[in-house]
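*Asks:* My structure is stored as data.csv, with CSV, C-alpha atoms.
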```csv
chain,number,residue,atom,x,y,z
A,779,MET,CA,-34.3,9.6,3.5
A,780,THR,CA,-33.3,8.1,0.1
A,781,ALA,CA,-33.9,4.3,-0.1
A,782,ARG,CA,-30.7,2.4,-0.4
A,783,SER,CA,-30.3,0.3,-3.6
A,784,ALA,CA,-29.9,-3.4,-3.5
A,785,PRO,CA,-26.3,-3.3,-4.6
A,786,ASP,CA,-25.5,-0.7,-1.9
A,787,ARG,CA,-27.1,-2.9,0.8
A,788,LEU,CA,-25.2,-5.9,-0.5
A,789,LEU,CA,-21.9,-4.1,-0.5
A,790,SER,CA,-22.5,-2.7,2.9
A,791,VAL,CA,-22.5,-6.2,4.3
A,792,LEU,CA,-19.1,-6.9,2.8
A,793,ALA,CA,-17.8,-3.5,4.0
A,794,ALA,CA,-18.8,-4.5,7.6
A,795,PHE,CA,-15.7,-6.6,7.7
A,796,ASP,CA,-12.2,-5.1,8.1
A,797,HIS,CA,-8.9,-6.0,9.8
A,798,GLU,CA,-10.2,-5.1,13.2
A,799,HIS,CA,-13.5,-7.0,12.6
A,800,PRO,CA,-12.6,-10.2,10.6
A,801,ALA,CA,-15.3,-12.3,12.2
A,802,LEU,CA,-18.9,-11.0,12.8
A,803,SER,CA,-22.2,-12.3,14.1
A,804,LEU,CA,-25.3,-11.6,12.1
A,805,THR,CA,-26.3,-9.0,14.7
A,806,ASP,CA,-22.9,-7.3,14.3
A,807,ILE,CA,-23.2,-7.3,10.5
A,808,SER,CA,-26.7,-5.8,10.7
A,809,ARG,CA,-25.4,-3.0,13.0
A,810,ARG,CA,-22.2,-2.2,11.1
A,811,ALA,CA,-24.0,-2.3,7.7
A,812,GLY,CA,-26.9,-0.2,8.9
A,813,LEU,CA,-29.5,-2.8,7.9
A,814,THR,CA,-32.4,-4.3,9.6
A,815,LEU,CA,-31.8,-7.8,11.0
A,816,THR,CA,-34.2,-9.3,8.5
A,817,THR,CA,-32.5,-7.6,5.5
A,818,ALA,CA,-29.0,-8.6,6.8
A,819,HIS,CA,-30.1,-12.2,7.3
A,820,ARG,CA,-31.4,-12.4,3.7
A,821,LEU,CA,-28.2,-10.8,2.2
A,822,VAL,CA,-25.8,-12.7,4.4
A,823,GLY,CA,-27.6,-16.0,3.3
A,824,ALA,CA,-27.2,-15.1,-0.3
A,825,LEU,CA,-23.5,-14.2,0.1
A,826,THR,CA,-22.8,-17.4,2.0
A,827,ASP,CA,-24.5,-19.5,-0.6
A,828,TRP,CA,-22.3,-17.9,-3.3
A,829,GLY,CA,-19.1,-18.3,-1.3
A,830,ALA,CA,-18.4,-14.6,-0.5
A,831,LEU,CA,-19.0,-15.3,3.2
A,832,GLU,CA,-18.3,-18.4,5.3
A,833,ARG,CA,-19.9,-19.3,8.7
A,834,ASP,CA,-17.8,-21.1,11.3
A,835,THR,CA,-19.0,-23.6,13.9
A,836,SER,CA,-19.5,-20.8,16.5
A,837,GLY,CA,-21.9,-19.0,14.2
A,838,LEU,CA,-19.6,-16.2,13.2
A,839,TYR,CA,-19.2,-15.1,9.6
A,840,HIS,CA,-15.9,-14.6,7.8
A,841,VAL,CA,-14.9,-13.4,4.3
A,842,GLY,CA,-15.1,-16.4,2.0
A,843,LEU,CA,-12.5,-17.8,-0.4
A,844,ARG,CA,-14.7,-16.9,-3.4
A,845,LEU,CA,-13.8,-13.3,-2.9
A,846,TRP,CA,-10.1,-14.2,-2.7
A,847,GLU,CA,-10.5,-15.9,-6.1
A,848,ILE,CA,-12.1,-12.9,-7.6
A,849,ALA,CA,-9.6,-10.4,-6.0
A,850,ALA,CA,-6.7,-12.5,-7.4
A,851,LEU,CA,-7.8,-11.3,-10.9
A,852,ALA,CA,-7.1,-7.7,-10.1
A,853,PRO,CA,-4.1,-6.5,-12.2
A,854,ARG,CA,-2.9,-4.3,-9.4
A,855,GLY,CA,-3.2,-7.1,-6.9
A,856,LEU,CA,-1.9,-10.7,-7.1
A,857,ALA,CA,-0.6,-10.4,-10.6
A,858,LEU,CA,1.5,-7.3,-9.8
A,859,ARG,CA,2.7,-9.0,-6.6
A,860,GLN,CA,3.8,-12.1,-8.4
A,861,ILE,CA,5.9,-10.1,-10.9
A,862,ALA,CA,7.4,-8.0,-8.2
A,863,LEU,CA,8.1,-10.6,-5.6
A,864,PRO,CA,11.6,-11.8,-6.9
A,865,TYR,CA,12.8,-8.2,-6.8
A,866,LEU,CA,11.3,-7.6,-3.4
A,867,GLU,CA,13.0,-10.8,-2.1
A,868,ASP,CA,16.3,-9.5,-3.5
A,869,LEU,CA,15.9,-6.2,-1.7
A,870,TYR,CA,15.1,-8.1,1.5
A,871,GLU,CA,18.1,-10.3,1.2
A,872,ALA,CA,20.4,-7.3,0.6
A,873,THR,CA,19.1,-5.4,3.7
A,874,HIS,CA,17.2,-7.8,6.0
A,875,GLU,CA,14.7,-5.0,6.7
A,876,ASN,CA,11.0,-4.5,6.0
A,877,VAL,CA,10.2,-4.4,2.3
A,878,GLN,CA,6.9,-3.2,1.0
A,879,LEU,CA,5.0,-2.9,-2.3
A,880,ALA,CA,1.9,-0.6,-2.5
A,881,VAL,CA,-0.5,0.9,-5.0
A,882,ARG,CA,-2.7,4.0,-4.8
A,883,ASP,CA,-6.4,3.7,-4.2
A,884,GLY,CA,-8.0,7.2,-4.0
A,885,ASP,CA,-6.3,9.2,-1.3
A,886,GLU,CA,-4.7,6.1,0.3
A,887,VAL,CA,-2.0,3.6,-0.4
A,888,VAL,CA,-2.9,-0.1,-0.2
A,889,TYR,CA,-0.1,-2.6,0.6
A,890,ILE,CA,-0.2,-5.6,-1.6
A,891,GLU,CA,3.0,-7.2,-0.4
A,892,TRP,CA,5.2,-7.0,2.7
A,893,LEU,CA,8.4,-8.9,3.6
A,894,SER,CA,9.4,-8.5,7.3
A,895,GLY,CA,12.7,-9.1,8.9
A,896,ARG,CA,12.8,-10.8,12.2
A,897,SER,CA,14.8,-8.1,13.9
A,898,SER,CA,13.7,-5.2,11.8
A,899,VAL,CA,11.7,-2.2,13.1
A,900,GLY,CA,8.1,-2.8,13.9
A,901,VAL,CA,5.6,-1.3,11.5
A,902,HIS,CA,1.8,-0.9,11.4
A,903,ILE,CA,1.6,-2.6,8.0
A,904,ARG,CA,0.0,-5.8,6.7
A,905,VAL,CA,-1.1,-6.9,3.3
A,906,GLY,CA,-4.3,-5.0,2.6
A,907,ALA,CA,-3.6,-2.2,5.0
A,908,ARG,CA,-4.3,1.4,4.0
A,909,TRP,CA,-2.6,4.6,5.0
A,910,PRO,CA,-2.9,8.2,3.8
A,911,LEU,CA,-0.6,9.1,0.9
A,912,HIS,CA,1.3,11.9,2.7
A,913,ALA,CA,2.4,9.8,5.7
A,914,THR,CA,4.4,7.0,4.0
A,915,GLY,CA,7.3,6.7,1.7
A,916,VAL,CA,5.3,4.7,-0.9
A,917,GLY,CA,2.5,7.2,-0.6
A,918,LEU,CA,4.8,10.2,-1.3
A,919,ALA,CA,6.4,8.4,-4.3
A,920,LEU,CA,2.9,7.8,-5.8
A,921,LEU,CA,1.5,11.2,-5.0
A,922,ALA,CA,4.4,13.0,-6.6
A,923,ARG,CA,3.6,11.4,-9.9
A,924,GLU,CA,-0.1,12.2,-9.9
A,925,PRO,CA,-1.6,15.1,-12.0
A,926,LEU,CA,-1.1,18.5,-10.6
A,927,GLU,CA,-4.9,18.9,-10.0
A,928,PHE,CA,-4.9,15.8,-7.9
A,929,GLN,CA,-1.9,16.9,-5.9
A,930,GLU,CA,-3.3,20.3,-5.2
A,931,ARG,CA,-6.6,18.9,-4.0
A,932,TYR,CA,-4.7,16.4,-1.7
A,933,CYS,CA,-2.3,19.0,-0.4
A,934,ALA,CA,-5.3,21.2,0.6
A,935,GLY,CA,-6.0,18.7,3.3
A,936,PRO,CA,-7.0,17.6,5.8
A,937,LEU,CA,-3.6,16.0,6.4
A,938,THR,CA,-3.9,13.6,9.3
A,939,ALA,CA,-1.0,13.6,11.8
A,940,PHE,CA,0.2,10.3,13.4
A,941,THR,CA,3.4,11.6,15.0
A,942,PRO,CA,4.9,15.1,15.6
A,943,TYR,CA,6.9,14.5,12.4
A,944,THR,CA,4.0,13.8,10.1
A,945,ILE,CA,3.7,16.4,7.3
A,946,THR,CA,0.6,18.4,7.9
A,947,ASP,CA,1.5,21.7,6.3
A,948,PRO,CA,0.4,22.0,2.6
A,949,ALA,CA,3.3,24.2,1.6
A,950,ARG,CA,5.8,21.7,3.1
A,951,LEU,CA,4.1,18.8,1.4
A,952,ARG,CA,4.3,20.5,-2.0
A,953,ARG,CA,8.1,21.1,-1.4
A,954,VAL,CA,8.5,17.4,-0.5
A,955,LEU,CA,6.7,16.3,-3.6
A,956,ALA,CA,8.8,18.5,-5.8
A,957,ASP,CA,11.9,17.0,-4.2
A,958,VAL,CA,10.6,13.5,-4.9
A,959,ARG,CA,10.1,14.3,-8.5
A,960,ARG,CA,13.6,15.7,-8.7
A,961,THR,CA,15.4,12.9,-7.0
A,962,GLY,CA,13.2,9.9,-8.0
A,963,VAL,CA,12.9,8.7,-4.4
A,964,ALA,CA,10.8,9.6,-1.4
A,965,VAL,CA,12.1,9.5,2.2
A,966,SER,CA,9.5,9.4,5.0
A,967,ASP,CA,11.1,10.1,8.3
A,968,ARG,CA,9.1,9.1,11.5
A,969,GLN,CA,5.8,10.0,9.9
A,970,VAL,CA,3.8,6.9,11.0
A,971,THR,CA,5.8,5.9,14.0
A,972,ASP,CA,8.6,7.9,15.7
A,973,ASP,CA,11.2,5.1,15.3
A,974,ALA,CA,11.0,4.3,11.6
A,975,LEU,CA,12.2,5.7,8.3
A,976,SER,CA,11.3,4.6,4.9
A,977,VAL,CA,12.8,5.0,1.5
A,978,ALA,CA,10.6,4.5,-1.6
A,979,ALA,CA,10.8,4.6,-5.4
A,980,PRO,CA,8.0,4.5,-8.0
A,981,VAL,CA,7.3,1.5,-10.3
A,982,ARG,CA,6.2,2.1,-13.9
A,983,GLY,CA,4.1,-0.1,-16.1
A,984,ALA,CA,4.5,-0.8,-19.8
A,985,GLY,CA,3.1,2.5,-20.9
A,986,GLY,CA,5.4,4.5,-18.6
A,987,ALA,CA,2.7,5.5,-16.0
A,988,VAL,CA,3.5,4.9,-12.3
A,989,VAL,CA,1.5,1.9,-11.1
A,990,ALA,CA,3.0,1.1,-7.7
A,991,ALA,CA,5.9,2.0,-5.3
A,992,VAL,CA,8.4,-0.1,-3.5
A,993,SER,CA,10.0,0.8,-0.2
A,994,ILE,CA,12.2,-0.3,2.6
A,995,VAL,CA,11.5,0.6,6.2
A,996,VAL,CA,14.4,0.8,8.7
A,997,PRO,CA,15.0,2.0,12.3
A,998,GLN,CA,15.3,5.7,12.1
A,999,ALA,CA,18.2,5.8,14.7
A,1000,ASP,CA,20.6,4.0,12.4
A,1001,ALA,CA,19.2,4.7,8.9
A,1002,GLN,CA,21.8,5.0,6.2
A,1003,VAL,CA,19.7,6.7,3.6
A,1004,PRO,CA,22.5,7.3,1.0
A,1005,VAL,CA,23.2,3.5,1.1
A,1006,LEU,CA,19.5,2.5,1.0
A,1007,ILE,CA,18.5,4.7,-2.0
A,1008,PRO,CA,20.4,2.8,-4.7
A,1009,ALA,CA,19.1,-0.6,-3.5
A,1010,VAL,CA,15.5,0.6,-3.6
A,1011,ARG,CA,16.0,2.2,-7.0
A,1012,VAL,CA,17.4,-1.0,-8.5
A,1013,ALA,CA,14.4,-2.9,-7.1
A,1014,ALA,CA,11.9,-0.4,-8.6
A,1015,ARG,CA,13.7,-0.4,-11.9
A,1016,GLY,CA,13.7,-4.2,-12.1
A,1017,ILE,CA,10.0,-4.5,-11.3
A,1018,SER,CA,9.3,-1.8,-13.9
A,1019,ARG,CA,11.2,-3.6,-16.6
A,1020,ALA,CA,9.5,-6.9,-15.7
A,1021,LEU,CA,6.2,-5.1,-16.2
A,1022,GLY,CA,7.3,-4.1,-19.7
A,1023,TRP,CA,8.6,-0.6,-19.1
A,1024,GLN,CA,11.4,0.4,-21.5
A,1025,PRO,CA,13.7,3.2,-20.3
A,1026,THR,CA,14.5,6.0,-22.8
A,1027,VAL,CA,17.9,7.7,-23.0
A,1028,GLY,CA,18.3,9.8,-19.9
A,1029,SER,CA,15.3,8.2,-18.2
A,1030,GLN,CA,14.8,9.1,-14.6
A,1031,LEU,CA,13.1,5.9,-13.4
A,1032,PRO,CA,13.8,5.7,-10.7
A,1033,THR,CA,16.9,7.9,-11.5
A,1034,ALA,CA,19.9,7.7,-13.7
A,1035,ASP,CA,22.5,7.6,-10.9
A,1036,THR,CA,23.4,3.9,-10.6
A,1037,GLY,CA,24.2,2.9,-14.2
A,1038,ARG,CA,22.9,-0.6,-13.4
A,1039,GLU,CA,20.8,-2.6,-15.8
A,1040,ALA,CA,17.5,-4.3,-15.0
A,1041,GLY,CA,19.1,-7.7,-14.3
A,1042,ASP,CA,21.3,-6.2,-11.5
A,1043,ARG,CA,20.5,-7.3,-8.0
A,1044,PRO,CA,20.7,-5.0,-5.0
A,1045,SER,CA,24.1,-5.5,-3.2
A,1046,ALA,CA,24.2,-6.2,0.5
A,1047,VAL,CA,23.7,-3.1,2.6
A,1048,SER,CA,26.1,-2.9,5.5
A,1049,LYS,CA,24.5,-1.7,8.8
```
Give the structure from this file in structure tokens form.

*Replies:*
Amino acid sequence: MTARSAPDRLLSVLAAFDHEHPALSLTDISRRAGLTLTTAHRLVGALTDWGALERDTSGLYHVGLRLWEIAALAPRGLALRQIALPYLEDLYEATHENVQLAVRDGDEVVYIEWLSGRSSVGVHIRVGARWPLHATGVGLALLAREPLEFQERYCAGPLTAFTPYTITDPARLRRVLADVRRTGVAVSDRQVTDDALSVAAPVRGAGGAVVAAVSIVVPQADAQVPVLIPAVRVAARGISRALGWQPTVGSQLPTADTGREAGDRPSAVSK
């Protein structure tokens, strides 16, 4: 067996924590990281001294604020969230439904902001949550703008199913992605839960590349997709311009259907 490097062992300690395991004992960390108790004790001590981990009065370890300070420097994290937040809030005020902002990380989307309405449909999303690209509206919006080689590799699977409606057929996924490129929006119908539908649009950065996606999630039973699409497009366009994107004549970001300018706010959506 190949000996694990020091960085690998250190990172495995941090990777032992996730949303289901936010607080761990030293023994838990040792087991989840695949390290001896002695090695785990040494590494946890170093990380705690630096501030990457914190120990509470019961002896359990948590992720420390020092990591939050470092993570806040990520250009696709807090900085993007701060720029996008006014437009996300506008979209929420217009709809009073769940509003989300996500970026791609490998074969998954990572949610970096989420605004939830009190009476809106329940979703399995939180800031920092990850889902496969094919199963969410934001994921489809992002996947459709990736290079063809990446799309083909992803479509080849495996494509995990979460409900009977999740896209698991490669040919169907390719057709959906083509439709997303044509229309500028992605609609994910009951793919993660059987009661929710999401509408998403891509967000571009200053150079024109897609850097994120914004979406709204509503109850599938009373979803008014034609009404929701313009609101999501306006939010995506506003964030894109705030990031420095400049549309060209005939630009399709998110599409050229509304005729609105960047300063426009989504109008209230009747339900």

*Asks:* For A:Ala880, which residue among A:Arg968, A:Pro980, A:Asp957, A:Val1012 is the nearest when counting all atoms listed in the file?

*Replies:*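 Nearest to A:Ala880: A:Pro980.
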
*Asks:* Between A:Ala991, A:Ile1007, A:Ala811, A:Ile945, which residue has the minimum interatomic distance to A:Pro910, considering all atoms listed in the file?

*Replies:* A:Ile945

*Asks:* Using only C-alpha atoms, pick whichever of A:Thr971, A:Glu847, A:Leu926, A:Thr938 has the shortest atom-to-atom distance to A:Arg952.

*Replies:*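 Looking at the shortest contact to A:Arg952, the residue is A:Leu926.
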
*Asks:* Tell me which protein, DNA and RNA residues are within 8 Å of A:Leu921, counting only C-alpha atoms, leaving out same-chain ones fewer than 5 positions away, and put them as a PDB file with C-alpha atoms, in the frame of the given file.

*Replies:*
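Contents of part_8.pdb, freshly written:
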```
ATOM      1  CA  LEU A 911      -0.600   9.100   0.900  1.00  0.00           C
ATOM      2  CA  HIS A 912       1.300  11.900   2.700  1.00  0.00           C
ATOM      3  CA  GLN A 929      -1.900  16.900  -5.900  1.00  0.00           C
ATOM      4  CA  LEU A 955       6.700  16.300  -3.600  1.00  0.00           C
TER       5      LEU A 955
END
```

*Asks:* Could you tell me how far atom CA of A:Arg923 sits from atom CA of A:Ala987, in Å to one decimal place?

*Replies:*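 If I compute the distance from atom CA of A:Ala987 to atom CA of A:Arg923, I get 8.5 Å.
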
*Asks:* Figure out the distance between atom CA of A:Trp909 and atom CA of A:Pro864, please, to one decimal in Å.

*Replies:*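 That distance, rounded to one decimal, is 24.7 Å.
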
*Asks:* So, with only C-alpha atoms as the atoms that count, which of A:Arg908, A:Arg844, A:Arg982, A:His819 lies closest to A:Thr805?

*Replies:*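 The answer is A:His819, which sits nearest to A:Thr805.
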
*Asks:* Would you list the contacts of A:Ser966 as a list in words, taking every protein, DNA or RNA residue within 9 Å and counting only C-alpha atoms, but skipping same-chain residues closer than 2 positions in sequence?

*Replies:* His912, Ala913, Thr914, Gly915, Val916, Leu918, Thr944, Ala964, Arg968, Gln969, Val970, Ala974, Leu975, Ser976, Val977 and Ala978 of chain A

*Asks:* Under the rule that all atoms listed in the file are counted, which of A:Ile890, A:Thr835, A:Leu869, A:Val791 is the nearest residue to A:Ala849?

*Replies:*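 Among the listed residues, the smallest separation from A:Ala849 belongs to A:Ile890.
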
*Asks:* I'd like the interatomic distance between atom CA of A:Ala1009 and atom CA of A:Ala857, to a tenth of an Å.

*Replies:*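 Between atom CA of A:Ala1009 and atom CA of A:Ala857 the gap works out to 23.1 Å.
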
*Asks:* Restricting the calculation to all atoms listed in the file, which member of A:Leu843, A:Val995, A:Val963, A:Leu866 is positioned closest to A:Pro1008?

*Replies:*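 That would be A:Val963, the residue with the smallest distance to A:Pro1008.
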
*Asks:* Just the residues within 8 Å of A:Arg882, please, counting all atoms listed in the file, with nothing from its chain fewer than 2 positions along; format it as a ChimeraX atom specification.

*Replies:* /A:880,884-888,911,917,920,989-990

*Asks:* Neighbouring residues of stretch 822-833 of chain A were defined as those with any atom within 9 Å, considering only C-alpha atoms; residues of the same chain fewer than 2 positions away were excluded. Please report them as a VMD selection string.

*Replies:* chain A and resid 788 791 to 792 804 807 817 to 820 835 to 846
